[in-house]
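Below is one structure, written out as structure tokens, with a few remarks after it.
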Amino acid sequence: MLEGKYNFKEVENKWQKYWQEKGIYSYKENSNKPTFSIDTPPPTVSGELHIGHIYGFSQADMYARYQRMLGKNLYYPLGFDNNGLPTELLVEKKKNIRAYTIPREEFTAIALDLVSSYNQSYRDMMIHTGMSCDLNLGYNTIDERSQKTSQKSFIDLAKRNIAYRDDKPSPWCCKCRTSVASAELEDKDMESVFNYLNFRLADGSGTIPIATTRPEFLPACVAIFVNPEDDRYKQYVGKMVKVPLFEDIEVKVLTDDKVGIDKGTGIVMCCTFGDQTDVEWWKEYGLPFKQAIDDGGRMTEIAGKYAGMKIVDARKAIIEDLKKEGYIYKQDAIVHSVKVHERCEEGIEFLAKKQWFIRTSTPELKQKWIELGNQLNWHPESMKARYIAWVNNLNQDWSISRQRYFGVPFPVWYCKKCGKPHFANIEDLPVNPLSSQYKGKCECGGEEFEPETDIMDTWATSSVTPQINCNWAENEEECAKKMPMDMRFCGRDIITTWSLRTIIKAYYHQNCLPWKDLMVNGWVMADKGVKISKRFANSKMGLNDLLDNYGADVIRYWCANGAYGRDVLLSDDGVKDGYKLINKIWNASKFVLSFLQDYIPAKPNKILPMDMYIMHKFNLAYYATIKCYEDVEVGYAKAEIEKFFWDFCDNYIEIAKNRLYKPEIYGEEAKISAQWACYNVLLGILKLFSITLPHITEEIYQDYFAKYEKDESIHLSLLKPIDLDKNDNIIECGDEVEDIVSKIRQFKSENKISMKTQIDSLEITSQNADFIKSVDYDIKAVGGIQNIIINSGENNLKFGNIILDENN
RNA sequence: GGGAGUUUAGCUCAGUUGGUAGAGCACCUGCCUUACAAGCAGAUGGUCAUAGGUUCGAGUCCUAUAACUCCCACCA
């Protein structure tokens, strides 16, 4: 029997253990139930989980629980993304080491060790927040199965010439010492200086003005551009110009309409490579290649006396010298936005290095991605527009190689003689080319091979999670049967990366969609415009504190907030809201069940009108709630059942309790009727609430209902409406009774008297006089009315005298 | 510059196919009522960002404008 105050800590802990021990959420391999498979996004192991993760996960978990309670067998794994740069950076930070300074095996060992302790804490947190994934189905993106899948994917694509190797210039982070994909870049406003330089014409006939923020690129200057329409500079086109400080370099003045006439001086220097435009010009005009900056962000040999300096130091020194030599005629301080690497916020450079790319950006392919995007069910629908817009703007192939250490190696060796790549056998995967040899000969006769030292970007693995889940690496037939998976959820920030790339891989490998439905959740904002992130992990709003102060059910209640896909502002007040509901559920259940202790549920011969009414009203709420879940609107669903629940407490229980308390007055039959209604409605409410609030509902279910309902857990029970005969007017009539009760309360409130104060008479005129007559005992009891007179006619109430208690 | 989103009560947000503006919180007035004062009952509060248009009728549809947010492009 439920007693005392609700102790969420004890209760949540108890059932979390029970669910794990009993395997309540386990996937049943040989079940005859239909499977519902979820491609859970493996959270990136890069620090602490925060409320932002839980927000997206718990909303998806609610949809998963809904599917489970429709009788489906859930394939609902929880993987972890723990390879690649984010994890490597975490290891470097936590262990205070730099990956490139120690042997790779050593670093990997340290990383694996750290990763496993983080996995454990992530898993625990998922359990503590009431997630219903099957932890036995998990994977790590660094484990053997994932590596095998990623490598197989790579070999498959490379052999079909969909993956290719090229040394086209691509974004490079000098701090992380690796190439990065353009999708991993962010804009950041930086203070800088616009330097106006006079370049001298080679024929000594004068100077031309050029403005630059990056004078350290002068040694890599390969051309000068003006706009062909710019009359000011027409006479210089085709002339040679000496590069300041590097006078023996002479470059030609060319024209291109990408040059903005009113930007800077209207004359641009093209260097290899200051930015994306330089790359394009270099390609288009076949300009020479000069590398001024190395992997680590230092000046190269060609920078002469500046060689070896860091970029910023070289810039300072060069500006000094330019001033000394009289090249600078003006300097303007500006703030401009520059591309930075999202992981470390360091400005990126463009370096030409051999990288592996996957073809994604031809017009035909883009058309395909859009077609596939249109076949996918997006929740909410509006998120599709972001995807389509992104695909339309795709202009670069996807670079997948990274010059880092902790990740999936490329299973490839290059012939030392001709450079041709040779791939590992699929059966041998996973393979690390650094620790194994290529066994074979090259067509050119070469017998010596060089292993690839790069690793794959984390996205190259994260984009094959459906294939990992569906066992593609081991059994292609099984995978073909299982794909597309039913559902995937992710944050709106990774529509462009994770979703698109997973769609691309599924298309290339299985020629189908990776999933049927995609749920895209919004962000938790710490403040207007500030996304919550790991920085907030240890704040008052950190997960541990929230769990400690409020418990998982309250947090989940908060997560089921409003329209799906919207951002939400985190505030203490907002989180508190759920506490009230939990408390109410506890008290109402405790109260109702106290009248059901000696009751054995069975349909009674006679069901009283208001009892019939509340069951019909529950069914209405039931269907409304189900409709919301069908629409993947977990917040609306919660709101629907919650609305009904408060109505049930404040109106129905108030009516029923008189009959439950006093069978000697109202009769045993009236009590049994109310018990039947209470049993069914409370059970129904708990089941629907169990999706949002898995702990308190399980506690109440196990305390009372389990012995009759026989399900091992409320979470394995089936959602269903109460079995009732059709009854057309019951809702209208019952609502009118509630309305009359409400008016009685209003009357008492206006007269500032207690609700229990008696009124000697009430004259009710109603269009449903017969129904009102049939429940007059309920109205009398709940309203404290001594005599009721009921007439047929236009709805109206006439109150008699208030009977004042002389003791007051 | 291109695209997407947002703008409704003091705050956080709902508002389906056009038909009398809603909830929770806060505030105010009452109520110890044999589950719950973390409760109950009731009241106050809105030119639905602005300006036009379509319509018998617009928070909702159309056009324009403004502010904020995000994505992309540009950032010499």
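Identifiers in this document derive from the order of the structure tokens: chains are assigned A, B, ..., residues are numbered from 1 separately in each chain, and ligands are numbered from 1 in order of occurrence.
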Residue list for chain A near chain B as an MDAnalysis selection string, 7 Å, only C-alpha atoms (C1' of nucleotides): chainID A and resid 211:212 268:269 336:338 386 389 393 529 580 584 587:588 590:591 745:746 749 752:756
9 Å contact set for stretch 350-358 of chain A, only C-alpha atoms (C1' of nucleotides), chain neighbours under 5 positions out, as a compact mmCIF listing (two decimals) with N, CA and C atoms, in the first residue's frame:
# COMPACT_ATOMS: atom_id res chain seq x y z
N LEU A 157 33.35 1.56 -51.43
CA LEU A 157 33.24 2.82 -52.16
C LEU A 157 34.48 3.09 -53.00
N ALA A 158 35.65 2.76 -52.44
CA ALA A 158 36.90 3.03 -53.18
C ALA A 158 36.97 2.16 -54.43
N ASN A 161 35.08 3.52 -57.15
CA ASN A 161 35.52 4.88 -57.51
C ASN A 161 34.57 5.96 -56.97
N ILE A 162 33.86 5.62 -55.91
CA ILE A 162 33.01 6.64 -55.26
C ILE A 162 33.85 7.34 -54.20
N ALA A 163 34.75 6.59 -53.58
CA ALA A 163 35.76 7.21 -52.72
C ALA A 163 37.02 7.35 -53.57
N TYR A 164 37.66 8.50 -53.50
CA TYR A 164 38.87 8.72 -54.30
C TYR A 164 39.87 9.55 -53.51
N ARG A 165 41.11 9.47 -53.94
CA ARG A 165 42.17 10.17 -53.22
C ARG A 165 42.65 11.32 -54.07
N ASP A 166 42.81 12.45 -53.45
CA ASP A 166 43.20 13.62 -54.23
C ASP A 166 43.97 14.56 -53.33
N ASP A 167 44.77 15.42 -53.96
CA ASP A 167 45.49 16.37 -53.12
C ASP A 167 44.99 17.78 -53.33
N LYS A 168 43.70 17.89 -53.57
CA LYS A 168 43.16 19.24 -53.72
C LYS A 168 43.20 19.94 -52.36
N PRO A 169 43.41 21.24 -52.41
CA PRO A 169 43.50 21.98 -51.15
C PRO A 169 42.21 21.86 -50.37
N SER A 170 42.33 21.60 -49.08
CA SER A 170 41.12 21.53 -48.27
C SER A 170 41.42 22.11 -46.90
N PRO A 171 40.35 22.40 -46.18
CA PRO A 171 40.52 23.07 -44.88
C PRO A 171 41.42 22.26 -43.95
N TRP A 172 42.27 22.96 -43.24
CA TRP A 172 43.25 22.31 -42.37
C TRP A 172 43.31 23.07 -41.06
N CYS A 173 43.28 22.31 -39.97
CA CYS A 173 43.43 22.96 -38.67
C CYS A 173 44.86 22.76 -38.19
N SER A 179 43.27 17.68 -41.47
CA SER A 179 42.29 18.30 -42.34
C SER A 179 40.93 18.21 -41.65
N THR A 272 48.45 30.94 -52.41
CA THR A 272 48.05 29.54 -52.24
C THR A 272 48.34 29.12 -50.79
N PHE A 273 47.34 29.06 -49.88
CA PHE A 273 45.98 29.48 -50.19
C PHE A 273 45.48 30.27 -49.00
N GLY A 274 45.05 31.47 -49.26
CA GLY A 274 44.53 32.30 -48.19
C GLY A 274 43.09 31.97 -47.88
N ASP A 275 42.33 31.66 -48.89
CA ASP A 275 40.93 31.34 -48.66
C ASP A 275 40.38 30.52 -49.82
N GLN A 276 39.11 30.25 -49.76
CA GLN A 276 38.45 29.41 -50.73
C GLN A 276 38.56 29.99 -52.15
N VAL A 279 41.71 29.19 -53.79
CA VAL A 279 41.73 27.82 -54.27
C VAL A 279 41.08 27.74 -55.64
N GLN A 291 53.57 26.68 -51.03
CA GLN A 291 53.06 26.47 -49.69
C GLN A 291 53.85 27.28 -48.68
N ILE A 293 52.73 27.83 -45.46
CA ILE A 293 52.44 27.44 -44.08
C ILE A 293 52.48 25.92 -43.98
N ASP A 294 53.06 25.41 -42.90
CA ASP A 294 53.13 23.95 -42.77
C ASP A 294 52.01 23.41 -41.87
N ASP A 295 52.03 22.11 -41.66
CA ASP A 295 50.98 21.43 -40.90
C ASP A 295 50.72 22.05 -39.53
N ASP A 397 33.06 17.74 -52.24
CA ASP A 397 32.94 16.35 -51.85
C ASP A 397 33.32 16.22 -50.38
N TRP A 398 32.96 15.10 -49.84
CA TRP A 398 33.08 14.87 -48.40
C TRP A 398 34.48 14.30 -48.11
N SER A 399 35.27 15.05 -47.39
CA SER A 399 36.61 14.55 -47.08
C SER A 399 36.56 13.71 -45.82
N ILE A 400 37.09 12.50 -45.88
CA ILE A 400 36.93 11.57 -44.76
C ILE A 400 38.23 11.22 -44.06
N SER A 401 39.38 11.67 -44.60
CA SER A 401 40.63 11.27 -43.94
C SER A 401 41.09 12.36 -42.98
N ARG A 402 41.68 11.92 -41.92
CA ARG A 402 42.18 12.83 -40.90
C ARG A 402 43.59 12.41 -40.53
N ASP A 454 46.82 7.81 -42.23
CA ASP A 454 45.65 8.57 -41.80
C ASP A 454 44.61 7.66 -41.17
N MET A 456 40.21 7.51 -40.34
CA MET A 456 38.95 8.08 -40.85
C MET A 456 38.38 9.09 -39.89
Counting only C-alpha atoms (C1' of nucleotides), the option among B:G22, B:G45, B:G15, B:G1 closest to B:U60: B:G15
A:Asp577 environment, 8 Å, only C-alpha atoms (C1' of nucleotides), sequence neighbours closer than 3 positions dropped, as a ChimeraX atom specification: /A:554,558,573-574,580-581
Residues as selected, N, CA and C atoms, written as an mmCIF file, in the first residue's frame, can you do that?
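Output (out_25.cif):
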data_model
loop_
_atom_site.group_PDB
_atom_site.id
_atom_site.type_symbol
_atom_site.label_atom_id
_atom_site.label_comp_id
_atom_site.auth_asym_id
_atom_site.auth_seq_id
_atom_site.Cartn_x
_atom_site.Cartn_y
_atom_site.Cartn_z
ATOM 1 N N VAL A 554 10.766 14.122 -13.205
ATOM 2 C CA VAL A 554 10.538 15.569 -13.330
ATOM 3 C C VAL A 554 11.310 16.123 -14.520
ATOM 4 N N TRP A 558 9.773 17.774 -17.967
ATOM 5 C CA TRP A 558 10.204 19.053 -18.547
ATOM 6 C C TRP A 558 10.602 18.885 -20.016
ATOM 7 N N ASP A 573 12.544 27.423 -12.637
ATOM 8 C CA ASP A 573 11.086 27.452 -12.503
ATOM 9 C C ASP A 573 10.417 26.461 -13.442
ATOM 10 N N GLY A 574 10.923 26.445 -14.675
ATOM 11 C CA GLY A 574 10.345 25.562 -15.664
ATOM 12 C C GLY A 574 10.470 24.109 -15.266
ATOM 13 N N LYS A 580 4.966 19.151 -9.300
ATOM 14 C CA LYS A 580 3.571 19.252 -8.866
ATOM 15 C C LYS A 580 2.763 18.075 -9.367
ATOM 16 N N LEU A 581 2.987 17.738 -10.623
ATOM 17 C CA LEU A 581 2.223 16.639 -11.203
ATOM 18 C C LEU A 581 2.564 15.320 -10.516
#
8 Å contact set for B:U8, only C-alpha atoms (C1' of nucleotides), chain neighbours under 5 positions out, as a ChimeraX atom specification: /B:46,48,59
Residues of the last selection are to be written out with C-alpha atoms (C1' of nucleotides), as an mmCIF file, in the first residue's frame.
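Result file is result_32.cif:
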data_model
loop_
_atom_site.group_PDB
_atom_site.id
_atom_site.type_symbol
_atom_site.label_atom_id
_atom_site.label_comp_id
_atom_site.auth_asym_id
_atom_site.auth_seq_id
_atom_site.Cartn_x
_atom_site.Cartn_y
_atom_site.Cartn_z
ATOM 1 C "C1'" G B 46 -3.990 40.286 -24.699
ATOM 2 C "C1'" C B 48 -2.337 38.145 -31.461
ATOM 3 C "C1'" G B 59 -4.010 34.977 -34.525
#
Sel. of helix (DSSP H, G or I) residues, stretch 103-161 of chain A, as a PyMOL selection string: chain A and resi 104-128+135-137+144-159
Close residues, A:Leu114 itself excluded, 9 Å, only C-alpha atoms (C1' of nucleotides), min 4 positions apart in chain, as a VMD selection string: chain A and resid 91 94 109 to 110 118 to 119
Contacts of A:Ser382 within 12 Å, only C-alpha atoms (C1' of nucleotides), excl. fewer than 6 positions in-chain, as a count of residues only: 14
Shell of 12 Å around B:A64, only C-alpha atoms (C1' of nucleotides), local chain residues under 5 positions omitted, as a ChimeraX atom specification: /B:50-53
All strand (DSSP E) residues (DSSP, backbone) inside stretch 214-300 of chain A, as a list of chain:residue names: A:Cys221, A:Val222, A:Ala223, A:Ile224, A:Phe225, A:Val226, A:Met240, A:Val241, A:Lys242, A:Val243, A:Phe246, A:Glu247, A:Asp248, A:Ile249, A:Glu250, A:Val251, A:Lys252, A:Val253, A:Leu254, A:Thr255, A:Ile267, A:Val268, A:Met269, A:Cys270, A:Cys271
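Across the structure, atom CA of A:Lys773 and atom CA of A:Cys649 are spaced 23.4 Å apart.
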Atom pair atom CA of A:Arg123 / atom CA of A:Tyr55: separation (Å):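 Rounded to one decimal, the two atoms are 15.8 Å apart.
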Gap from atom CA of A:Glu371 to atom CA of A:Ile503 - Å, one decimal: 10.9 Å
